[in-house]
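Asker: I am sharing entry19.txt, which consists of compact mmCIF, C-alpha atoms (C1' of nucleotides):
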```txt
# COMPACT_ATOMS: atom_id res chain seq x y z
CA MET A 18 -16.44 -18.78 22.42
CA SER A 19 -13.84 -17.28 20.06
CA ASP A 20 -16.56 -16.52 17.53
CA LYS A 21 -15.92 -12.79 17.84
CA ARG A 22 -12.21 -13.15 17.20
CA GLU A 23 -12.98 -15.10 14.04
CA GLN A 24 -15.40 -12.43 12.86
CA LEU A 25 -12.81 -9.72 13.49
CA VAL A 26 -10.07 -11.49 11.53
CA VAL A 27 -12.35 -12.23 8.58
CA THR A 28 -13.70 -8.70 8.41
CA ALA A 29 -10.27 -7.15 8.80
CA LEU A 30 -8.82 -9.38 6.10
CA GLY A 31 -11.45 -8.22 3.62
CA LEU A 32 -10.93 -4.56 4.44
CA PHE A 33 -7.14 -4.82 4.33
CA LEU A 34 -7.39 -6.48 0.93
CA GLU A 35 -9.66 -3.85 -0.55
CA HIS A 36 -8.28 -0.70 1.06
CA GLY A 37 -4.87 -1.58 2.43
CA TYR A 38 -3.51 -1.64 5.96
CA HIS A 39 -2.95 2.04 6.66
CA ALA A 40 -6.21 3.14 5.07
CA THR A 41 -8.29 0.73 7.13
CA GLY A 42 -9.13 2.10 10.57
CA ILE A 43 -10.00 0.18 13.68
CA ASP A 44 -13.37 1.90 13.89
CA ARG A 45 -14.38 0.60 10.47
CA ILE A 46 -13.28 -2.94 11.30
CA VAL A 47 -15.29 -2.77 14.49
CA ALA A 48 -18.35 -1.34 12.76
CA GLU A 49 -18.39 -3.81 9.87
CA SER A 50 -17.64 -6.82 12.02
CA GLY A 51 -20.45 -5.98 14.44
CA VAL A 52 -18.16 -6.42 17.42
CA ALA A 53 -17.45 -3.96 20.20
CA LYS A 54 -14.14 -2.15 20.13
CA MET A 55 -13.26 -3.39 23.59
CA THR A 56 -13.74 -6.96 22.37
CA LEU A 57 -11.16 -6.31 19.69
CA TYR A 58 -8.64 -5.04 22.22
CA ASN A 59 -9.54 -7.95 24.43
CA HIS A 60 -8.43 -10.40 21.73
CA PHE A 61 -5.59 -8.36 20.21
CA GLU A 62 -3.04 -6.12 21.86
CA SER A 63 -2.91 -3.69 18.97
CA LYS A 64 -3.88 -3.14 15.35
CA ASP A 65 -0.54 -4.57 14.27
CA GLU A 66 -1.34 -7.80 16.07
CA LEU A 67 -4.67 -7.99 14.26
CA ILE A 68 -2.88 -7.48 10.95
CA ALA A 69 -0.42 -10.24 11.86
CA ALA A 70 -3.30 -12.56 12.74
CA ALA A 71 -4.98 -11.76 9.43
CA LEU A 72 -1.81 -12.55 7.48
CA GLN A 73 -1.34 -15.75 9.44
CA ARG A 74 -4.87 -16.80 8.66
CA MET A 75 -4.52 -16.06 4.94
CA ASP A 76 -1.28 -18.03 4.87
CA GLU A 77 -2.97 -21.10 6.37
CA GLN A 78 -6.00 -20.64 4.11
CA TRP A 79 -3.82 -20.63 0.99
CA SER A 80 -1.78 -23.57 2.18
CA THR A 81 -4.84 -25.77 2.55
CA ARG A 82 -6.39 -24.41 -0.64
CA VAL A 83 -3.33 -25.36 -2.67
CA ASP A 84 -3.20 -28.73 -0.92
CA THR A 85 -6.79 -29.68 -1.57
CA TYR A 86 -6.72 -28.40 -5.15
CA LEU A 87 -3.56 -30.31 -6.06
CA THR A 88 -4.67 -33.56 -4.45
CA HIS A 89 -8.09 -33.22 -6.11
CA ILE A 90 -6.48 -32.60 -9.50
CA GLY A 91 -4.03 -35.44 -9.23
CA GLY A 92 -2.05 -36.17 -12.39
CA SER A 93 1.69 -36.01 -12.95
CA PRO A 94 3.97 -33.56 -11.12
CA ARG A 95 4.13 -31.56 -14.35
CA ASP A 96 0.34 -31.39 -14.50
CA ARG A 97 0.21 -30.23 -10.90
CA LEU A 98 2.81 -27.53 -11.52
CA LEU A 99 0.59 -26.17 -14.27
CA ALA A 100 -2.54 -26.61 -12.16
CA VAL A 101 -1.22 -24.02 -9.71
CA PHE A 102 -1.77 -21.45 -12.45
CA ASP A 103 -5.33 -22.67 -12.97
CA LEU A 104 -5.95 -22.21 -9.27
CA HIS A 105 -4.76 -18.63 -9.60
CA THR A 106 -7.16 -18.07 -12.49
CA GLN A 107 -9.97 -19.24 -10.21
CA TRP A 108 -8.78 -16.79 -7.59
CA TYR A 109 -8.66 -13.81 -9.94
CA CYS A 110 -12.22 -14.56 -11.07
CA GLU A 111 -13.63 -14.24 -7.58
CA ASP A 112 -15.79 -11.17 -7.06
CA ASP A 113 -13.80 -9.95 -4.07
CA PHE A 114 -10.38 -10.24 -5.70
CA HIS A 115 -8.32 -7.21 -4.81
CA GLY A 116 -4.80 -8.53 -5.12
CA CYS A 117 -2.60 -10.39 -2.68
CA VAL A 118 -2.36 -9.40 0.97
CA PHE A 119 1.30 -10.40 1.07
CA LEU A 120 2.38 -8.39 -1.95
CA LYS A 121 0.32 -5.56 -0.51
CA ALA A 122 2.18 -5.90 2.78
CA SER A 123 5.55 -5.69 1.04
CA HIS A 124 4.44 -2.49 -0.67
CA GLU A 125 3.09 -0.80 2.46
CA TYR A 126 5.94 -1.96 4.70
CA THR A 127 8.94 -1.72 2.41
CA ASP A 128 11.51 -2.39 5.11
CA PRO A 129 12.44 -6.07 4.71
CA ALA A 130 13.03 -6.28 8.46
CA HIS A 131 9.46 -5.27 9.25
CA PRO A 132 7.52 -8.26 10.64
CA MET A 133 4.71 -7.88 8.12
CA HIS A 134 7.13 -7.70 5.19
CA ALA A 135 9.17 -10.61 6.51
CA PHE A 136 6.10 -12.80 6.95
CA ALA A 137 5.00 -11.99 3.40
CA ALA A 138 8.40 -13.03 2.07
CA GLU A 139 8.19 -16.27 4.05
CA HIS A 140 4.77 -17.01 2.61
CA TYR A 141 6.11 -16.94 -0.94
CA GLN A 142 9.20 -18.82 0.17
CA ARG A 143 6.95 -21.63 1.32
CA LEU A 144 5.20 -21.65 -2.04
CA ARG A 145 8.59 -21.70 -3.74
CA GLU A 146 9.68 -24.74 -1.74
CA ARG A 147 6.47 -26.57 -2.51
CA LEU A 148 6.90 -25.93 -6.23
CA ALA A 149 10.54 -27.00 -5.99
CA GLY A 150 9.35 -30.32 -4.58
CA LEU A 151 7.00 -30.78 -7.52
CA ALA A 152 9.74 -29.73 -9.95
CA LYS A 153 12.06 -32.30 -8.45
CA ALA A 154 9.34 -34.96 -8.79
CA ALA A 155 8.92 -33.85 -12.41
CA LYS A 156 12.63 -34.58 -12.88
CA ALA A 157 13.53 -31.01 -13.74
CA LYS A 158 17.23 -30.46 -14.23
CA ARG A 159 17.42 -27.51 -11.83
CA PRO A 160 14.23 -27.71 -9.73
CA ASP A 161 15.10 -24.74 -7.51
CA THR A 162 15.71 -22.49 -10.50
CA LEU A 163 12.46 -23.61 -12.10
CA ALA A 164 10.56 -23.00 -8.88
CA ARG A 165 11.97 -19.50 -8.63
CA GLN A 166 10.91 -18.78 -12.19
CA LEU A 167 7.41 -20.11 -11.60
CA VAL A 168 6.92 -18.04 -8.45
CA LEU A 169 8.10 -14.96 -10.34
CA LEU A 170 5.47 -15.72 -12.95
CA LEU A 171 2.76 -16.14 -10.31
CA ILE A 172 3.69 -12.89 -8.60
CA GLY A 173 3.71 -11.13 -11.95
CA ALA A 174 0.34 -12.59 -12.88
CA THR A 175 -1.22 -11.57 -9.57
CA SER A 176 0.17 -8.04 -9.72
CA GLN A 177 -0.95 -7.65 -13.31
CA ALA A 178 -4.40 -9.06 -12.58
CA LEU A 179 -4.86 -6.31 -10.02
CA LEU A 180 -3.25 -3.57 -12.09
CA ASP A 181 -5.08 -4.26 -15.34
CA ASP A 182 -8.20 -5.86 -13.88
CA ASP A 183 -7.16 -8.77 -16.08
CA ARG A 184 -8.42 -12.19 -15.05
CA SER A 185 -6.55 -13.91 -17.86
CA SER A 186 -3.05 -13.09 -16.69
CA ALA A 187 -2.67 -16.47 -15.01
CA THR A 188 -3.42 -18.37 -18.22
CA GLN A 189 -0.93 -16.12 -19.95
CA ALA A 190 1.64 -16.95 -17.28
CA ARG A 191 0.68 -20.62 -17.59
CA GLU A 192 1.73 -20.60 -21.23
CA VAL A 193 5.13 -19.27 -20.27
CA ALA A 194 5.35 -21.81 -17.46
CA ARG A 195 4.61 -24.66 -19.87
CA VAL A 196 7.50 -23.61 -22.08
CA LEU A 197 9.82 -23.38 -19.08
CA ILE A 198 8.79 -26.70 -17.60
CA ASP A 199 9.10 -28.59 -20.87
CA ALA A 200 12.51 -27.03 -21.44
CA ALA A 201 13.66 -27.95 -17.93
CA VAL A 202 12.95 -31.69 -17.90
CA MET H 2 10.53 30.26 -9.83
CA SER H 3 8.89 26.83 -9.55
CA ASP H 4 11.84 25.52 -7.61
CA LYS H 5 9.70 24.81 -4.57
CA ARG H 6 7.19 22.82 -6.56
CA GLU H 7 10.02 20.69 -7.90
CA GLN H 8 11.37 20.11 -4.41
CA LEU H 9 7.93 19.11 -3.17
CA VAL H 10 7.36 16.57 -5.95
CA VAL H 11 10.81 15.01 -5.53
CA THR H 12 10.50 14.74 -1.76
CA ALA H 13 6.95 13.40 -1.94
CA LEU H 14 7.96 10.80 -4.52
CA GLY H 15 10.67 9.48 -2.26
CA LEU H 16 8.39 9.29 0.75
CA PHE H 17 5.55 7.69 -1.20
CA LEU H 18 7.97 5.08 -2.49
CA GLU H 19 9.33 4.19 0.91
CA HIS H 20 6.23 4.45 3.08
CA GLY H 21 3.26 4.45 0.70
CA TYR H 22 0.62 7.05 -0.03
CA HIS H 23 -1.65 6.74 2.98
CA ALA H 24 1.20 6.45 5.47
CA THR H 25 2.91 9.60 4.23
CA GLY H 26 1.47 12.74 5.79
CA ILE H 27 1.55 16.26 4.40
CA ASP H 28 3.43 17.49 7.45
CA ARG H 29 6.29 15.11 6.81
CA ILE H 30 6.50 16.04 3.14
CA VAL H 31 6.60 19.69 4.14
CA ALA H 32 9.21 19.13 6.83
CA GLU H 33 11.57 17.02 4.69
CA SER H 34 11.26 19.22 1.62
CA GLY H 35 12.02 22.36 3.61
CA VAL H 36 9.02 24.14 2.12
CA ALA H 37 6.21 25.88 3.96
CA LYS H 38 2.89 24.12 4.07
CA MET H 39 1.13 27.08 2.51
CA THR H 40 3.52 26.87 -0.42
CA LEU H 41 2.44 23.30 -0.96
CA TYR H 42 -1.22 24.29 -1.01
CA ASN H 43 -0.32 27.18 -3.24
CA HIS H 44 1.00 24.79 -5.88
CA PHE H 45 -1.40 21.89 -5.32
CA GLU H 46 -5.08 21.90 -4.48
CA SER H 47 -4.86 18.80 -2.34
CA LYS H 48 -2.69 15.86 -1.36
CA ASP H 49 -4.27 13.81 -4.13
CA GLU H 50 -3.11 16.35 -6.68
CA LEU H 51 0.41 16.14 -5.31
CA ILE H 52 0.27 12.36 -5.62
CA ALA H 53 -0.95 12.70 -9.20
CA ALA H 54 1.89 15.09 -9.99
CA ALA H 55 4.39 12.69 -8.46
CA LEU H 56 3.07 9.80 -10.56
CA GLN H 57 3.13 11.97 -13.66
CA ARG H 58 6.72 12.91 -13.00
CA MET H 59 7.82 9.33 -12.41
CA ASP H 60 6.09 8.30 -15.64
CA GLU H 61 8.02 10.91 -17.63
CA GLN H 62 11.24 10.06 -15.82
CA TRP H 63 10.93 6.39 -16.75
CA SER H 64 9.98 7.18 -20.30
CA THR H 65 13.15 9.19 -20.90
CA ARG H 66 15.27 6.74 -18.91
CA VAL H 67 14.16 3.85 -21.11
CA ASP H 68 14.64 5.99 -24.21
CA THR H 69 18.17 7.07 -23.43
CA TYR H 70 19.20 3.61 -22.25
CA LEU H 71 17.91 1.85 -25.36
CA THR H 72 19.40 4.36 -27.80
CA HIS H 73 22.69 4.23 -25.91
CA ILE H 74 22.71 0.42 -26.01
CA GLY H 75 21.80 0.21 -29.67
CA GLY H 76 21.97 -3.29 -31.14
CA SER H 77 19.22 -5.34 -32.67
CA PRO H 78 15.58 -5.12 -31.56
CA ARG H 79 16.09 -8.46 -29.81
CA ASP H 80 19.09 -7.06 -27.93
CA ARG H 81 17.09 -4.02 -26.91
CA LEU H 82 14.20 -6.15 -25.65
CA LEU H 83 16.65 -7.94 -23.39
CA ALA H 84 18.35 -4.69 -22.41
CA VAL H 85 15.12 -3.56 -20.73
CA PHE H 86 15.74 -6.26 -18.16
CA ASP H 87 19.30 -5.02 -17.62
CA LEU H 88 17.93 -1.56 -17.00
CA HIS H 89 15.67 -3.04 -14.33
CA THR H 90 18.64 -4.72 -12.69
CA GLN H 91 20.32 -1.31 -12.52
CA TRP H 92 17.18 0.06 -10.91
CA TYR H 93 16.91 -2.65 -8.25
CA CYS H 94 20.55 -2.05 -7.29
CA GLU H 95 19.96 1.59 -6.42
CA ASP H 96 20.14 2.35 -2.72
CA ASP H 97 16.73 3.95 -2.59
CA PHE H 98 14.89 1.15 -4.37
CA HIS H 99 11.59 0.51 -2.62
CA GLY H 100 9.50 -0.95 -5.39
CA CYS H 101 7.42 0.67 -8.09
CA VAL H 102 5.16 3.62 -7.37
CA PHE H 103 2.64 2.39 -9.93
CA LEU H 104 2.33 -1.12 -8.57
CA LYS H 105 2.13 0.47 -5.14
CA ALA H 106 -0.68 2.70 -6.34
CA SER H 107 -2.65 -0.27 -7.65
CA HIS H 108 -2.31 -1.95 -4.27
CA GLU H 109 -3.36 1.06 -2.20
CA TYR H 110 -6.15 2.11 -4.57
CA THR H 111 -7.58 -1.22 -5.67
CA ASP H 112 -10.56 0.28 -7.47
CA PRO H 113 -9.59 0.25 -11.18
CA ALA H 114 -11.68 3.38 -11.70
CA HIS H 115 -9.63 5.36 -9.20
CA PRO H 116 -7.49 7.98 -11.01
CA MET H 117 -4.28 6.80 -9.35
CA HIS H 118 -4.94 3.18 -10.24
CA ALA H 119 -5.95 4.07 -13.78
CA PHE H 120 -2.82 6.12 -14.35
CA ALA H 121 -0.68 3.27 -13.06
CA ALA H 122 -2.34 0.88 -15.51
CA GLU H 123 -1.75 3.35 -18.34
CA HIS H 124 1.92 3.61 -17.42
CA TYR H 125 2.43 -0.10 -17.91
CA GLN H 126 0.25 -0.05 -21.01
CA ARG H 127 2.68 2.44 -22.53
CA LEU H 128 5.59 0.19 -21.67
CA ARG H 129 3.71 -2.72 -23.22
CA GLU H 130 3.19 -0.82 -26.45
CA ARG H 131 6.82 0.17 -26.62
CA LEU H 132 7.91 -3.44 -26.18
CA ALA H 133 5.37 -4.52 -28.79
CA GLY H 134 7.03 -2.14 -31.23
CA LEU H 135 10.41 -3.69 -30.53
CA ALA H 136 8.92 -7.17 -30.78
CA LYS H 137 7.46 -6.31 -34.16
CA ALA H 138 10.85 -4.99 -35.28
CA ALA H 139 12.37 -8.24 -34.05
CA LYS H 140 9.95 -10.06 -36.36
CA ALA H 141 8.16 -11.88 -33.58
CA LYS H 142 5.23 -13.95 -34.76
CA ARG H 143 2.79 -12.44 -32.26
CA PRO H 144 4.45 -9.24 -31.04
CA ASP H 145 1.53 -8.18 -28.81
CA THR H 146 1.47 -11.53 -27.03
CA LEU H 147 5.23 -11.40 -26.53
CA ALA H 148 5.04 -7.86 -25.19
CA ARG H 149 2.35 -8.90 -22.71
CA GLN H 150 4.51 -11.76 -21.52
CA LEU H 151 7.56 -9.54 -21.13
CA VAL H 152 5.67 -6.94 -19.11
CA LEU H 153 4.32 -9.68 -16.88
CA LEU H 154 7.90 -10.79 -16.30
CA LEU H 155 9.01 -7.24 -15.50
CA ILE H 156 6.16 -6.71 -13.07
CA GLY H 157 6.94 -10.04 -11.45
CA ALA H 158 10.63 -9.20 -11.20
CA THR H 159 9.94 -5.81 -9.65
CA SER H 160 7.46 -7.20 -7.12
CA GLN H 161 9.81 -10.01 -6.20
CA ALA H 162 12.79 -7.67 -5.91
CA LEU H 163 10.85 -5.73 -3.30
CA LEU H 164 9.40 -8.76 -1.55
CA ASP H 165 12.61 -10.78 -1.27
CA ASP H 166 15.07 -7.89 -1.30
CA ASP H 167 16.46 -9.70 -4.34
CA ARG H 168 18.40 -7.62 -6.84
CA SER H 169 18.88 -10.57 -9.16
CA SER H 170 15.25 -11.11 -10.03
CA ALA H 171 15.59 -9.12 -13.25
CA THR H 172 18.40 -11.31 -14.55
CA GLN H 173 16.31 -14.30 -13.64
CA ALA H 174 13.41 -12.84 -15.60
CA ARG H 175 15.80 -12.01 -18.43
CA GLU H 176 16.63 -15.68 -18.81
CA VAL H 177 12.93 -16.48 -19.19
CA ALA H 178 12.55 -13.59 -21.61
CA ARG H 179 15.38 -14.88 -23.76
CA VAL H 180 13.67 -18.24 -24.08
CA LEU H 181 10.38 -16.58 -25.01
CA ILE H 182 11.90 -14.19 -27.53
CA ASP H 183 13.91 -16.87 -29.27
CA ALA H 184 10.84 -19.09 -29.43
CA ALA H 185 8.71 -16.27 -30.84
CA VAL H 186 10.82 -15.23 -33.85
C1' DT E 12 -28.47 -17.60 44.42
C1' DA E 13 -23.76 -15.97 43.85
C1' DA E 14 -19.70 -15.43 41.24
C1' DC E 15 -17.13 -15.07 37.17
C1' DG E 16 -15.73 -14.23 32.39
C1' DT E 17 -16.93 -12.16 28.21
C1' DA E 18 -19.22 -8.67 25.46
C1' DT E 19 -21.23 -4.09 25.14
C1' DG E 20 -21.78 1.03 24.59
C1' DT E 21 -20.38 5.41 25.55
C1' DA E 22 -17.27 8.64 26.47
C1' DC E 23 -12.88 10.13 26.33
C1' DA E 24 -7.53 10.97 25.91
C1' DA E 25 -3.79 12.02 23.05
C1' DA E 26 -1.91 12.15 18.82
C1' DT E 27 -2.20 12.95 13.98
C1' DC E 28 -4.54 13.96 9.71
C1' DT E 29 -5.79 17.50 5.86
C1' DG E 30 -6.55 22.00 4.98
C1' DT E 31 -7.06 27.18 6.24
C1' DA E 32 -6.35 32.02 8.26
C1' DC E 33 -3.42 35.60 8.76
C1' DA E 34 0.29 38.61 9.49
C1' DT E 35 5.03 39.09 7.96
C1' DC E 36 9.22 38.76 5.27
C1' DG E 37 12.08 39.00 0.98
C1' DT E 38 12.83 39.81 -3.62
C1' DA E 39 12.13 41.18 -8.45
C1' DG E 40 10.37 44.52 -11.70
C1' DC E 41 8.93 49.21 -12.57
C1' DG J 25 11.75 53.85 -3.44
C1' DC J 26 7.33 51.44 -4.46
C1' DT J 27 4.43 47.79 -5.73
C1' DA J 28 3.27 43.11 -6.38
C1' DC J 29 3.79 38.51 -5.48
C1' DG J 30 5.50 34.32 -3.80
C1' DA J 31 7.21 32.13 0.46
C1' DT J 32 7.14 31.80 5.44
C1' DG J 33 5.74 30.61 10.27
C1' DT J 34 2.38 30.09 13.52
C1' DA J 35 -1.79 29.00 15.02
C1' DC J 36 -5.82 26.78 14.43
C1' DA J 37 -10.24 24.20 12.81
C1' DG J 38 -12.37 19.95 12.18
C1' DA J 39 -12.07 15.38 11.39
C1' DT J 40 -9.97 10.98 12.29
C1' DT J 41 -6.48 7.98 14.31
C1' DT J 42 -5.27 4.29 18.05
C1' DG J 43 -6.16 2.95 22.41
C1' DT J 44 -8.40 3.31 27.27
C1' DA J 45 -11.85 3.93 31.29
C1' DC J 46 -15.85 2.51 33.22
C1' DA J 47 -20.37 1.10 34.20
C1' DT J 48 -23.56 -2.29 32.52
C1' DA J 49 -25.56 -6.57 30.71
C1' DC J 50 -25.68 -11.49 29.55
C1' DG J 51 -24.84 -16.37 30.17
C1' DT J 52 -22.64 -20.16 32.37
C1' DT J 53 -21.12 -22.56 36.29
C1' DA J 54 -20.66 -23.56 41.01
```
How does the structure come out when it is put into structure tokens?
Answerer:
Amino acid sequence: MSDKREQLVVTALGLFLEHGYHATGIDRIVAESGVAKMTLYNHFESKDELIAAALQRMDEQWSTRVDTYLTHIGGSPRDRLLAVFDLHTQWYCEDDFHGCVFLKASHEYTDPAHPMHAFAAEHYQRLRERLAGLAKAAKAKRPDTLARQLVLLLIGATSQALLDDDRSSATQAREVARVLIDAAV
Amino acid sequence: MSDKREQLVVTALGLFLEHGYHATGIDRIVAESGVAKMTLYNHFESKDELIAAALQRMDEQWSTRVDTYLTHIGGSPRDRLLAVFDLHTQWYCEDDFHGCVFLKASHEYTDPAHPMHAFAAEHYQRLRERLAGLAKAAKAKRPDTLARQLVLLLIGATSQALLDDDRSSATQAREVARVLIDAAV
DNA sequence: TAACGTATGTACAAATCTGTACATCGTAGC
DNA sequence: GCTACGATGTACAGATTTGTACATACGTTA
């Protein structure tokens, strides 16, 4: 019966996204999740552990989301590289889009050695490796370099989407990506 | 004798950069600046006003820094567009680099209507317009589109430099920028 | 029926947060 | 020397923070 734990992580994730980690208090998480405070501390040792669980969950969520989207899209490796940008456009158009929890973590915990910051870096490292695999399949000359460039574009698009409330930044980044990919094969 | 006000803004800016806005308390700003708390509230009505003053100051600081760097560099408009990326590399290599206060503001205050978020968006809008002017001087076909792409690259480079503790992300973005600029003229 | 694990609600501890009150000190101008 | 003003230090108010104590209730299982 880990229904309560699930509710806590989901509620916390939403609040962290909208208001940040430091600005979101335990009391608010408890109130909005409809769970008793003692239940929270029964499932998690501390607020930091709840944050870590929320990041972990978002990481898994994105992993499967990218997986299912790319397998559903199909097409050539090049098409799938570009499709990642379409997926980001979908994301930015969601009503509850408030940026990326991992970029947010790197901004609130600037020390690279901090667990939250480190996990955020690893999340994007995993994305980078996945794109490098696709780039290699697309016969790019330097797949790792291309993957790094594409992730930089995605991070830029996500940051700009939040900053300018601009849902089109991913299509804009996609145009740049197309030029890069076609130049790299 | 607004020496104290200056000291407060400088100290606050550094703390906001390293720890964020919500995580930085008034007491710490007061302690590290060596100024009495009442002096702070003599110069600023509230913490939010101090944050606003810090953002304002950083905006002016960057404006003059870009100005002096570009006039010192000289060269063609194309060279100066690329030089902006070199300036960012310089920035990332500073010891006290902890990301961008404006991107940080957009992450901690996700509501686009929030004054801090709005000011951050305006800061990058000013940069965008400046780059559009250079792009026009470089005879780019669509200078506004190019400027948007370049700002997206800069935002991506800055976010990635913080996330991955990677001081080379600006040179990486510069490579992409070079391709875009040469394709746009 | 009895026992056990989980969830609950309230109350609280201890620290920290923003902002204020107030008496005092130091200096610059008249 | 006197006045005015900015800066100081301390103490505090009131709210909020994370985390805990404890008695109670519910449901399942033995």
Asker: Taking all atoms listed in the file into account and nothing else, which residues of chain A lie no more than 6 Å away from chain H? Please answer as a ChimeraX atom specification.
Answerer: /A:37,121,123-125,138,169,172-173,180-181
Asker: Select, as a VMD selection string, those residues of chain H with any atom no more than 9 Å from chain J (distances computed using only C-alpha atoms (C1' of nucleotides)).
Answerer: chain H and resid 2 36 to 40
Asker: Residues as selected, C-alpha atoms, written as a short mmCIF file (atom, residue, chain, number, x, y, z; two decimals), in the coordinates of the input, can you do that?
Answerer:
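Below is the file that was written, again-v6.cif:
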```cif
data_model
loop_
_atom_site.label_atom_id
_atom_site.label_comp_id
_atom_site.auth_asym_id
_atom_site.auth_seq_id
_atom_site.Cartn_x
_atom_site.Cartn_y
_atom_site.Cartn_z
CA MET H 2 10.53 30.26 -9.83
CA VAL H 36 9.02 24.14 2.12
CA ALA H 37 6.21 25.88 3.96
CA LYS H 38 2.89 24.12 4.07
CA MET H 39 1.13 27.08 2.51
CA THR H 40 3.52 26.87 -0.42
#
```
Asker: Hey, can you check how far atom CA of A:Leu30 sits from atom CA of A:Ala48?
Answerer: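 So the two atoms, atom CA of A:Leu30 and atom CA of A:Ala48, lie 14.1 Å apart.
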Asker: Do me a favour and pick out the residues of chain E within 10 Å of chain H, using only C-alpha atoms (C1' of nucleotides), as number ranges by chain.
Answerer: E: 27-31
Asker: Save out the residues we just selected, C-alpha atoms (C1' of nucleotides), as a CSV table (one decimal), in the coordinates of the input.
Answerer:
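Saved the output as part.csv:
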```
chain,number,residue,atom,x,y,z
E,27,DT,C1',-2.2,13.0,14.0
E,28,DC,C1',-4.5,14.0,9.7
E,29,DT,C1',-5.8,17.5,5.9
E,30,DG,C1',-6.6,22.0,5.0
E,31,DT,C1',-7.1,27.2,6.2
```
Asker: Could you work out how far atom CA of H:Ala185 lies from atom CA of H:Ala141, giving the answer in Å with one decimal?
Answerer: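 If I compute the distance from atom CA of H:Ala141 to atom CA of H:Ala185, I get 5.2 Å.
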Asker: Report, in Å to a single decimal, how far apart atom CA of A:Thr106 and atom CA of A:Tyr86 are.
Answerer: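 Separating atom CA of A:Tyr86 from atom CA of A:Thr106 is a distance of 12.7 Å.
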Asker: Could you work out an axis-aligned box for stretch 14-31 of chain E, taking every atom the file lists and adding 3 Å on each side, and report centre and edge lengths in Å to one decimal, as JSON?
Answerer:
```
{"center_x": -11.8, "center_y": 5.9, "center_z": 23.1, "size_x": 25.9, "size_y": 48.6, "size_z": 42.3}
```
Asker: Could you model all heavy atoms for stretch 41-45 of chain A and present them as an mmCIF file, in the frame of the given file?
Answerer:
```cif
data_model
loop_
_atom_site.group_PDB
_atom_site.id
_atom_site.type_symbol
_atom_site.label_atom_id
_atom_site.label_comp_id
_atom_site.auth_asym_id
_atom_site.auth_seq_id
_atom_site.Cartn_x
_atom_site.Cartn_y
_atom_site.Cartn_z
ATOM 1 N N THR A 41 -7.197 1.383 6.420
ATOM 2 C CA THR A 41 -8.290 0.730 7.130
ATOM 3 C C THR A 41 -8.183 1.019 8.627
ATOM 4 O O THR A 41 -7.232 0.591 9.280
ATOM 5 C CB THR A 41 -8.251 -0.791 6.898
ATOM 6 O OG1 THR A 41 -8.332 -1.068 5.499
ATOM 7 C CG2 THR A 41 -9.415 -1.460 7.605
ATOM 8 N N GLY A 42 -9.145 1.729 9.151
ATOM 9 C CA GLY A 42 -9.130 2.100 10.570
ATOM 10 C C GLY A 42 -9.809 1.063 11.440
ATOM 11 O O GLY A 42 -10.650 0.280 10.978
ATOM 12 N N ILE A 43 -9.405 1.083 12.699
ATOM 13 C CA ILE A 43 -10.000 0.180 13.680
ATOM 14 C C ILE A 43 -11.510 0.365 13.764
ATOM 15 O O ILE A 43 -12.262 -0.600 13.825
ATOM 16 C CB ILE A 43 -9.354 0.458 15.068
ATOM 17 C CG1 ILE A 43 -7.911 -0.052 15.081
ATOM 18 C CG2 ILE A 43 -10.152 -0.180 16.179
ATOM 19 C CD1 ILE A 43 -7.793 -1.540 15.152
ATOM 20 N N ASP A 44 -11.937 1.611 13.753
ATOM 21 C CA ASP A 44 -13.370 1.900 13.890
ATOM 22 C C ASP A 44 -14.178 1.214 12.789
ATOM 23 O O ASP A 44 -15.278 0.709 13.045
ATOM 24 C CB ASP A 44 -13.599 3.410 13.853
ATOM 25 C CG ASP A 44 -13.262 4.059 15.189
ATOM 26 O OD1 ASP A 44 -13.014 3.310 16.152
ATOM 27 O OD2 ASP A 44 -13.242 5.293 15.260
ATOM 28 N N ARG A 45 -13.641 1.211 11.581
ATOM 29 C CA ARG A 45 -14.380 0.600 10.470
ATOM 30 C C ARG A 45 -14.420 -0.923 10.630
ATOM 31 O O ARG A 45 -15.440 -1.555 10.371
ATOM 32 C CB ARG A 45 -13.717 0.968 9.135
ATOM 33 C CG ARG A 45 -14.473 0.414 7.971
ATOM 34 C CD ARG A 45 -14.180 1.139 6.678
ATOM 35 N NE ARG A 45 -14.998 0.612 5.594
ATOM 36 C CZ ARG A 45 -14.781 0.881 4.312
ATOM 37 N NH1 ARG A 45 -13.795 1.694 3.979
ATOM 38 N NH2 ARG A 45 -15.560 0.379 3.378
#
```
